[in-house]
Amino acid sequence: MKKKLIIFSVAAALAPAAAMAATKTINITSDITIYGRVHLSVDGVSGIAANTNQTSLNSNSSRFGVKGEKDLGVGGLKGMFQLESGVNAVGGTDPDGNGGATATANGHVFSNARDMYVGLSGGFGTLKAGRMGGANQWVYDSNLFADQLGDAGNFNSGRGVGGRLSGIMAYETPDMSGFKAGLTYIPAASLDAGATTGKSSYGAKLDYANMGFGGHLAHFKVSTTTAAIVTDNMNTSVAGSYDFGNGMVTAQYVKSKVDVTAAASTTQNIYNIGAKFNVSSNGAIKAQYSRAGNLTGTANSGANMFAIGYDHKLSDAMDMYVVYAKTTNEANARFAVDNYGHGGKAGGLAVAGEDPAGFGIGLTYNF
């Protein structure tokens with residue numbers, strides 16, 4: 001549960017009298033929200049020959065953030081900001097599901113930048129600029145195991161678009177009878193490693209939510225240029241869901257295509273289906289199946305992933321779960337079972353053709 005700090009003052013009483021004039025009072029008012037999540041799990045992953053010690057304690061997309069919104073008193077305009085960082089709640093050098101690893105064996109509290117922006121909203125919609133979602137804009141449209149073993153992002157994140165993109169601008173329309181549309185602009189300077197020689201990129205998203213039905217359409221084209229070689233990463237996602245009160249069903253199709261200058265295009269099709277059913281007021285069982293087809297021109301490069309789990313709400317702030325997931329890779333595929341929003345080794349030890357499987361017990365605390 002998000003808590004709002006009313007006033008925090010830097011006390012001047014301990015300061016020397018000569019420094020009194022320089023002391024400032026910092027007010028953190030009801031316009032500012034401090035929030036976060038701590039998500040830890042104990043996981044055992046098998047099926048990876050190089051990993052002989054299979055059990056680990058992992059931090060999975062744990063986070064800490066500050067955000068605010070304030071009426072500007074002009075034409076209904078509001079100003080807003082968000083600063084959010086990944087947190088490695090167990091320390092160490094392994095990835096923590098936030099897109100980066102901590103730098104030292106002892107680790108750091110903060111690991112990798114998450115969503116950070118400043119923006120304006122009004123009757124026209126919302127404009128933001130900063131670091132925001134790339135593939136994250138469609139990965140969670142059909143994902144019942146987000147940040148857990150079996151995270152659908154292992155498959156449906158496609159290729160060539162990071163979960164988040166830095167140095168971008170985004171626009172979102174107001175809600176229009178359940179419909180919302182969004183546009184993302186990605187300057188070439190935010191993508192090219194050296195001199196900016198490439199072209200700008202874009203993304204578009206359309207969402208619908210009403211009467212338990214959800215629909216999502218996304219298309220991103222992200223282009224990078226290196227030494228006159230242009231790589232166009234194009235991902236198109238279509239997803240739908242229906243919440244019938246005692247549970248929900250969901251499905252998604254993603255087409256991932258990569259074009260490289262003077263090279264053949266490669267395409268891969270990804271499918272995801274899932275279902276969740278409430279067994280009590282606080283508990284639900286769920287299952288999910290993901291399939292990646294063969295990559296164009298590469299035989300036996302597909303994979304399947306199956307996950308089954310149980311979620312239980314302990315309180316408004318705390319949840320626990322158990323999960324089992326298994327990925328079956330064809331001879332030329334190396335999809336993970338513990339990647340994307342999940343931390344730990346993140347499938348990095350798997351080689352082509354291995355079939356990782358895992359069992360996990362997790363706790364999350366939201367504030």
# chains A, B, ... in the order shown; residues from 1 in each chain; ligands from 1
>>> closest_atom_pairs(of="stretch 220-330 of chain A", to="stretch 204-214 of chain A", cutoff="9 Å", atoms="only C-alpha atoms", output="tab-separated table")
residue	atom	partner	partner_atom	distance
A:Phe220	CA	A:Ala204	CA	6.4
A:Ala239	CA	A:Gly214	CA	8.1
A:Gly240	CA	A:Gly214	CA	5.4
A:Ser241	CA	A:Gly214	CA	5.0
A:Tyr242	CA	A:Phe213	CA	4.6
A:Asp243	CA	A:Gly212	CA	4.7
A:Phe244	CA	A:Gly212	CA	6.5
A:Gly245	CA	A:Gly212	CA	8.1
A:Met248	CA	A:Gly212	CA	8.8
A:Thr250	CA	A:Gly214	CA	8.9
>>> write_last_selection(atoms="N, CA and C atoms", output="short mmCIF file (atom, residue, chain, number, x, y, z; two decimals), in the first residue's frame")
data_model
loop_
_atom_site.label_atom_id
_atom_site.label_comp_id
_atom_site.auth_asym_id
_atom_site.auth_seq_id
_atom_site.Cartn_x
_atom_site.Cartn_y
_atom_site.Cartn_z
N PHE A 220 6.20 -1.93 -32.57
CA PHE A 220 7.42 -1.15 -32.35
C PHE A 220 8.41 -1.44 -33.47
N ALA A 239 -3.02 -9.07 -28.26
CA ALA A 239 -3.36 -9.82 -27.06
C ALA A 239 -4.79 -9.53 -26.64
N GLY A 240 -5.41 -10.49 -25.96
CA GLY A 240 -6.76 -10.31 -25.44
C GLY A 240 -6.96 -11.09 -24.16
N SER A 241 -7.91 -10.67 -23.36
CA SER A 241 -8.20 -11.36 -22.10
C SER A 241 -9.67 -11.16 -21.74
N TYR A 242 -10.16 -12.07 -20.90
CA TYR A 242 -11.51 -11.92 -20.37
C TYR A 242 -11.51 -12.33 -18.90
N ASP A 243 -11.94 -11.42 -18.04
CA ASP A 243 -12.07 -11.66 -16.61
C ASP A 243 -13.53 -11.93 -16.32
N PHE A 244 -13.86 -13.17 -15.91
CA PHE A 244 -15.25 -13.54 -15.66
C PHE A 244 -15.61 -13.58 -14.18
N GLY A 245 -14.83 -12.87 -13.38
CA GLY A 245 -15.15 -12.74 -11.96
C GLY A 245 -14.42 -13.74 -11.10
N MET A 248 -9.83 -15.71 -14.98
CA MET A 248 -9.62 -15.03 -16.25
C MET A 248 -8.90 -15.95 -17.22
N THR A 250 -6.46 -15.62 -20.99
CA THR A 250 -5.69 -14.64 -21.75
C THR A 250 -4.92 -15.32 -22.87
#
>>> select_by_dssp(residues="stretch 20-249 of chain A", states="strand (DSSP E)", output="number ranges by chain")
A: 32-46, 55-59, 63-71, 78-87, 110-122, 125-133, 164-172, 179-186, 201-210, 213-226, 229-243, 247-249
>>> closest_residue(among="A:Ser200, A:Val109, A:Gly122, A:Thr93", to="A:Gly75", atoms="only C-alpha atoms")
A:Gly122
>>> select_by_dssp(residues="stretch 48-230 of chain A", states="helix (DSSP H, G or I)", output="NGL selection string")
:A and (136-139 or 153-156 or 188-190)
>>> closest_residue(among="A:Ala357, A:Ser85, A:Asn366, A:Ala292", to="A:Asp319", atoms="only C-alpha atoms")
A:Asn366
>>> closest_residue(among="A:Asn60, A:Thr33, A:Asn51, A:Gln268", to="A:Glu354", atoms="only C-alpha atoms")
A:Asn51
>>> closest_residue(among="A:Gly358, A:Gly309, A:Gly341, A:Gly99", to="A:Lys326", atoms="only C-alpha atoms")
A:Gly358
>>> residues_around(residues="A:Phe335", least_positions_apart="5", cutoff="12 Å", atoms="only C-alpha atoms", output="short mmCIF file (atom, residue, chain, number, x, y, z; two decimals) with N, CA and C atoms, in the first residue's frame")
data_model
loop_
_atom_site.label_atom_id
_atom_site.label_comp_id
_atom_site.auth_asym_id
_atom_site.auth_seq_id
_atom_site.Cartn_x
_atom_site.Cartn_y
_atom_site.Cartn_z
N ILE A 48 20.34 -27.61 -16.37
CA ILE A 48 21.47 -26.85 -16.92
C ILE A 48 22.75 -27.53 -16.44
N GLY A 150 8.93 -18.94 -15.18
CA GLY A 150 7.89 -19.07 -16.19
C GLY A 150 7.37 -17.74 -16.72
N ASP A 151 8.04 -16.63 -16.39
CA ASP A 151 7.65 -15.31 -16.89
C ASP A 151 7.52 -15.36 -18.42
N ALA A 152 6.36 -14.98 -18.94
CA ALA A 152 6.13 -15.02 -20.39
C ALA A 152 7.10 -14.13 -21.15
N GLY A 153 7.70 -13.14 -20.48
CA GLY A 153 8.67 -12.29 -21.12
C GLY A 153 9.88 -13.03 -21.65
N ASN A 154 10.15 -14.25 -21.13
CA ASN A 154 11.19 -15.09 -21.70
C ASN A 154 10.96 -15.33 -23.18
N PHE A 155 9.68 -15.32 -23.59
CA PHE A 155 9.32 -15.61 -24.97
C PHE A 155 8.74 -14.39 -25.68
N ASN A 156 7.71 -13.75 -25.08
CA ASN A 156 6.93 -12.77 -25.85
C ASN A 156 7.53 -11.37 -25.90
N SER A 157 8.73 -11.18 -25.33
CA SER A 157 9.38 -9.86 -25.43
C SER A 157 9.96 -9.64 -26.83
N GLY A 158 9.96 -10.68 -27.65
CA GLY A 158 10.46 -10.51 -29.01
C GLY A 158 11.96 -10.28 -29.04
N SER A 290 3.64 -21.14 -23.33
CA SER A 290 4.25 -20.26 -24.32
C SER A 290 4.95 -21.09 -25.38
N ARG A 291 4.88 -20.62 -26.62
CA ARG A 291 5.52 -21.32 -27.73
C ARG A 291 6.23 -20.33 -28.63
N ALA A 292 7.52 -20.59 -28.92
CA ALA A 292 8.28 -19.82 -29.90
C ALA A 292 8.53 -20.72 -31.09
N GLY A 293 8.10 -20.27 -32.27
CA GLY A 293 8.33 -21.06 -33.48
C GLY A 293 9.77 -20.97 -33.94
N SER A 301 14.91 -24.33 -33.97
CA SER A 301 15.22 -23.17 -33.13
C SER A 301 14.01 -22.71 -32.31
N GLY A 302 12.99 -23.56 -32.19
CA GLY A 302 11.81 -23.24 -31.42
C GLY A 302 11.89 -23.78 -30.00
N ALA A 303 10.90 -23.42 -29.20
CA ALA A 303 10.87 -23.86 -27.79
C ALA A 303 9.46 -23.76 -27.24
N ASN A 304 9.22 -24.52 -26.17
CA ASN A 304 7.95 -24.47 -25.44
C ASN A 304 8.25 -24.18 -23.97
N MET A 305 7.34 -23.49 -23.31
CA MET A 305 7.45 -23.28 -21.86
C MET A 305 6.08 -23.46 -21.22
N LYS A 326 8.80 -25.17 -16.73
CA LYS A 326 9.77 -25.94 -17.50
C LYS A 326 9.81 -25.41 -18.93
N THR A 327 11.02 -25.22 -19.45
CA THR A 327 11.23 -24.83 -20.84
C THR A 327 11.86 -26.00 -21.59
N THR A 328 11.28 -26.34 -22.72
CA THR A 328 11.81 -27.40 -23.57
C THR A 328 12.35 -26.77 -24.85
N ASN A 329 13.66 -26.78 -25.00
CA ASN A 329 14.31 -26.17 -26.15
C ASN A 329 14.61 -27.20 -27.22
N GLU A 330 14.40 -26.83 -28.49
CA GLU A 330 14.88 -27.65 -29.59
C GLU A 330 16.39 -27.50 -29.69
N TYR A 340 13.93 -12.55 -17.76
CA TYR A 340 13.12 -11.35 -17.86
C TYR A 340 12.92 -10.74 -16.48
N ALA A 346 19.33 -16.13 -14.32
CA ALA A 346 18.63 -15.62 -15.51
C ALA A 346 18.90 -16.43 -16.75
N GLY A 347 19.05 -17.75 -16.59
CA GLY A 347 19.21 -18.62 -17.75
C GLY A 347 20.53 -18.45 -18.47
N GLY A 348 21.43 -17.64 -17.93
CA GLY A 348 22.67 -17.38 -18.63
C GLY A 348 23.58 -18.58 -18.77
N LEU A 349 23.37 -19.60 -17.93
CA LEU A 349 24.22 -20.78 -18.00
C LEU A 349 23.72 -21.81 -19.00
N ALA A 350 22.50 -21.64 -19.50
CA ALA A 350 21.93 -22.62 -20.41
C ALA A 350 22.63 -22.56 -21.77
N VAL A 351 22.81 -23.74 -22.39
CA VAL A 351 23.32 -23.81 -23.76
C VAL A 351 22.21 -24.35 -24.64
N ALA A 352 22.41 -24.22 -25.95
CA ALA A 352 21.38 -24.63 -26.90
C ALA A 352 20.98 -26.08 -26.67
N GLY A 353 19.69 -26.30 -26.66
CA GLY A 353 19.18 -27.66 -26.53
C GLY A 353 18.92 -28.11 -25.11
N GLU A 354 19.38 -27.37 -24.10
CA GLU A 354 19.11 -27.75 -22.72
C GLU A 354 17.67 -27.40 -22.35
N ASP A 355 17.12 -28.11 -21.37
CA ASP A 355 15.72 -27.94 -20.97
C ASP A 355 15.63 -27.57 -19.49
N PRO A 356 15.79 -26.30 -19.16
CA PRO A 356 15.76 -25.90 -17.75
C PRO A 356 14.35 -25.98 -17.16
N ALA A 357 14.28 -26.41 -15.91
CA ALA A 357 13.02 -26.47 -15.17
C ALA A 357 13.27 -25.95 -13.78
#
>>> residues_around(residues="A:Pro187", least_positions_apart="3", cutoff="12 Å", atoms="only C-alpha atoms", output="ChimeraX atom specification")
/A:129-130,165-170,184,190-192,196-203,222-224
>>> closest_residue(among="A:Val254, A:Ile308, A:Ile186, A:Ala113", to="A:Val87", atoms="only C-alpha atoms")
A:Ala113
